[in-house]
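Asker: Here you go, one structure.
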Amino acid sequence: MVAQSEAMREAVGLAERVAATDANVLVTGESGTGKDAIAFFIHQRSNRAARPFVKIDCATLPGHLLEAELFGYERGAFTGAGEAKPGRLDASHRGTLVLDEIAYLPTDAQAKLLRVIETREFERLGGRRTIKVDARVIALTNVNLTEAVERRNFREDLFYRLNVVHIRVPPLRERRSDLPELVSGFLKSYAAKHGRPASVVAPAAMTSLKEYQFPGNVRELANTIERAVIISSGKRIEEADLPESVRAAVRLQQRRAQPGTLAEIEAEYVSEILAATKGNKTEAARILGISHKNLYETTARRK
């Protein structure tokens, strides 16, 4: 777990303190920040580490299938249920149950989950036998659950049961000092995975990585490094090995950060209008409030 930055040290420190307990944990953060890694970190340092670590993604399954997957079902519980099947709750007994994208859990399933947390027991779909379960629950979400509760999209009582300890995983832009170590780790991992020679990142490439905002966070960084490792032809990752989207975003950011002359600002604005009108100079001139002749002279000077 890379945690050189203050923001990430705070998150990891809280995870370490809560790990020794059986408290339920709510882990929040933008997509790609590594919420699942925090959940596994907690499990590994808990007294349940030798027990199952079970995860279910609440956003990928329709409601009835999600309930069947979570609680299990008995034979004949619904069409196609030819035999009984234990659910993820059964599998997580004495271990850790991770509920990813908890905000997408259907209302009916929310009520059933609340009962499990409160009583430590449940019934499979179509079943009458009460099953005891001892599982620590860690919920992950990139949705503001407080707002979801206010909109009545999420049960308030379940929110408080899950939110015993809240850990916010910071986006990559708030932990820039972690980036070099993350890059190094991904580089070693993907070079070994793909049998590629790349072992270092060239200074120019590292500068671009440090300046790029990474809206997809750590997941996007990992994908960027894996792609660069695959297409690199040498022992180091060059700036040209980075995706054009990354390099273009960095160039644009650098231009905006540097004060330009009036002529440069004018030229950039004209270029943006021409791009927006797909090269239609008549329309561009109308938007700019200048004559077609003046626009022609302006573009000629740029050449």
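Note on naming: chains are A, B, ... as they come in the structure tokens, residues start from 1 per chain, ligands start from 1 in the order shown.
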Please provide as a ChimeraX atom specification all residues within 10 Å of Val218 (chain A), with the sequence filter that same-chain residues fewer than 2 positions apart are discarded (counting only C-alpha atoms).
Answerer: /A:31-34,171-173,179,182-183,214-216,220-224
Asker: Which neighbours of region 126-135 of chain A fall inside 7 Å, counting only C-alpha atoms, when residues of the same chain fewer than 2 positions from it are skipped, and could you give them as an NGL selection string?
Answerer: :A and (73-74 or 77 or 90 or 92-97 or 120-124 or 137)
Asker: Convert the current residue selection to file output with C-alpha atoms, as an mmCIF file, in the first residue's frame.
Answerer:
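File written: result04.cif
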data_model
loop_
_atom_site.group_PDB
_atom_site.id
_atom_site.type_symbol
_atom_site.label_atom_id
_atom_site.label_comp_id
_atom_site.auth_asym_id
_atom_site.auth_seq_id
_atom_site.Cartn_x
_atom_site.Cartn_y
_atom_site.Cartn_z
ATOM 1 C CA TYR A 73 -31.470 -19.932 -2.727
ATOM 2 C CA GLU A 74 -33.222 -23.245 -2.245
ATOM 3 C CA ALA A 77 -37.110 -20.803 -5.312
ATOM 4 C CA ASP A 90 -22.620 -18.339 3.472
ATOM 5 C CA SER A 92 -18.080 -15.206 4.029
ATOM 6 C CA HIS A 93 -18.851 -16.891 7.379
ATOM 7 C CA ARG A 94 -16.151 -15.918 9.896
ATOM 8 C CA GLY A 95 -14.501 -13.848 7.194
ATOM 9 C CA THR A 96 -15.091 -10.531 5.432
ATOM 10 C CA LEU A 97 -17.923 -9.636 3.061
ATOM 11 C CA ARG A 120 -26.419 -12.119 12.192
ATOM 12 C CA GLU A 121 -28.934 -14.438 10.559
ATOM 13 C CA PHE A 122 -30.843 -14.810 7.290
ATOM 14 C CA GLU A 123 -32.821 -17.233 5.122
ATOM 15 C CA ARG A 124 -31.997 -18.220 1.582
ATOM 16 C CA VAL A 137 -19.120 -6.109 6.337
#
Asker: From the set A:Asp178, A:Glu147, A:Glu238, A:Glu211, which residue has the shortest atom-to-atom contact distance to Phe159 (chain A), counting only C-alpha atoms?
Answerer: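 Of all the options, A:Glu147 lies closest to Phe159 (chain A).
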Asker: May I ask which of the residues A:Arg51, A:Arg161, A:His194, A:His166 is the closest one to Val25 (chain A), counting only C-alpha atoms?
Answerer: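 Comparing A:Arg51, A:Arg161, A:His194, A:His166 against Val25 (chain A), the winner is A:His166.
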Asker: Hey, what's within 8 Å of His292 (chain A) if we count only C-alpha atoms and toss same-chain stuff fewer than 4 positions away? As a list in words, please?
Answerer: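 The filter keeps Lys281, Thr282, Ala285 and Tyr296 of chain A.
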Asker: Point out the residue among A:Glu6, A:Glu67, A:Asp100, A:Asp108 with the least atom-to-atom distance to Lys35 (chain A), counting only C-alpha atoms.
Answerer: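 Comparing A:Glu6, A:Glu67, A:Asp100, A:Asp108 against Lys35 (chain A), the winner is A:Asp100.
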Asker: Which residues come within 7 Å of Arg88 (chain A), counting only C-alpha atoms, excluding same-chain residues fewer than 3 positions away, as a VMD selection string?
Answerer: chain A and resid 54 69 to 71 91 to 92
Asker: Ranking A:Pro52, A:Glu150, A:Val27, A:His43 by minimum distance to Ile102 (chain A) and counting only C-alpha atoms, which one comes first?
Answerer: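 Ranking A:Pro52, A:Glu150, A:Val27, A:His43 by distance to Ile102 (chain A), first place goes to A:Val27.
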Asker: Run DSSP on the backbone and give me the residues of region 174-278 of chain A it puts in helix (DSSP H, G or I), as number ranges by chain.
Answerer: A: 174, 176-194, 203-211, 217-231, 239-241, 244-257, 262-276
Asker: Considering only C-alpha atoms, return as a list in words whatever protein or nucleic-acid residues lie within 8 Å of Tyr212 (chain A), sequence-local ones (same chain, fewer than 6 positions apart) excluded.
Answerer: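 Final neighbour list, sorted by chain and number: Val246, Ala249 and Val250 of chain A.
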Asker: Would you mind exporting N, CA and C atoms of the selected residues as a compact mmCIF listing (two decimals), in the first residue's frame?
Answerer:
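Contents of the output file out.txt:
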# COMPACT_ATOMS: atom_id res chain seq x y z
N VAL A 246 -3.09 11.47 -23.01
CA VAL A 246 -2.35 11.97 -21.86
C VAL A 246 -1.45 13.12 -22.29
N ALA A 249 -3.45 16.28 -23.23
CA ALA A 249 -3.99 16.96 -22.05
C ALA A 249 -2.90 17.74 -21.32
N VAL A 250 -1.71 17.17 -21.24
CA VAL A 250 -0.59 17.84 -20.58
C VAL A 250 -0.17 19.08 -21.37
Asker: Can you build me a table of region 112-202 of chain A residues sitting at most 8 Å from region 10-22 of chain A, with the closest atom pair per residue and its distance in Å to one decimal, using only C-alpha atoms, sorted by chain and residue number, as CSV?
Answerer:
residue,atom,partner,partner_atom,distance
A:Arg136,CA,A:Asp22,CA,6.1
A:Val165,CA,A:Val18,CA,7.6
A:Ile167,CA,A:Ala11,CA,6.0
A:Arg168,CA,A:Ala11,CA,6.4
A:Val169,CA,A:Ala11,CA,6.2
A:Pro170,CA,A:Ala11,CA,8.0
Asker: What does the structure give for the distance between CA of Glu272 (chain A) and CA of Arg247 (chain A), in Å to one decimal?
Answerer: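 That distance, rounded to one decimal, is 18.4 Å.
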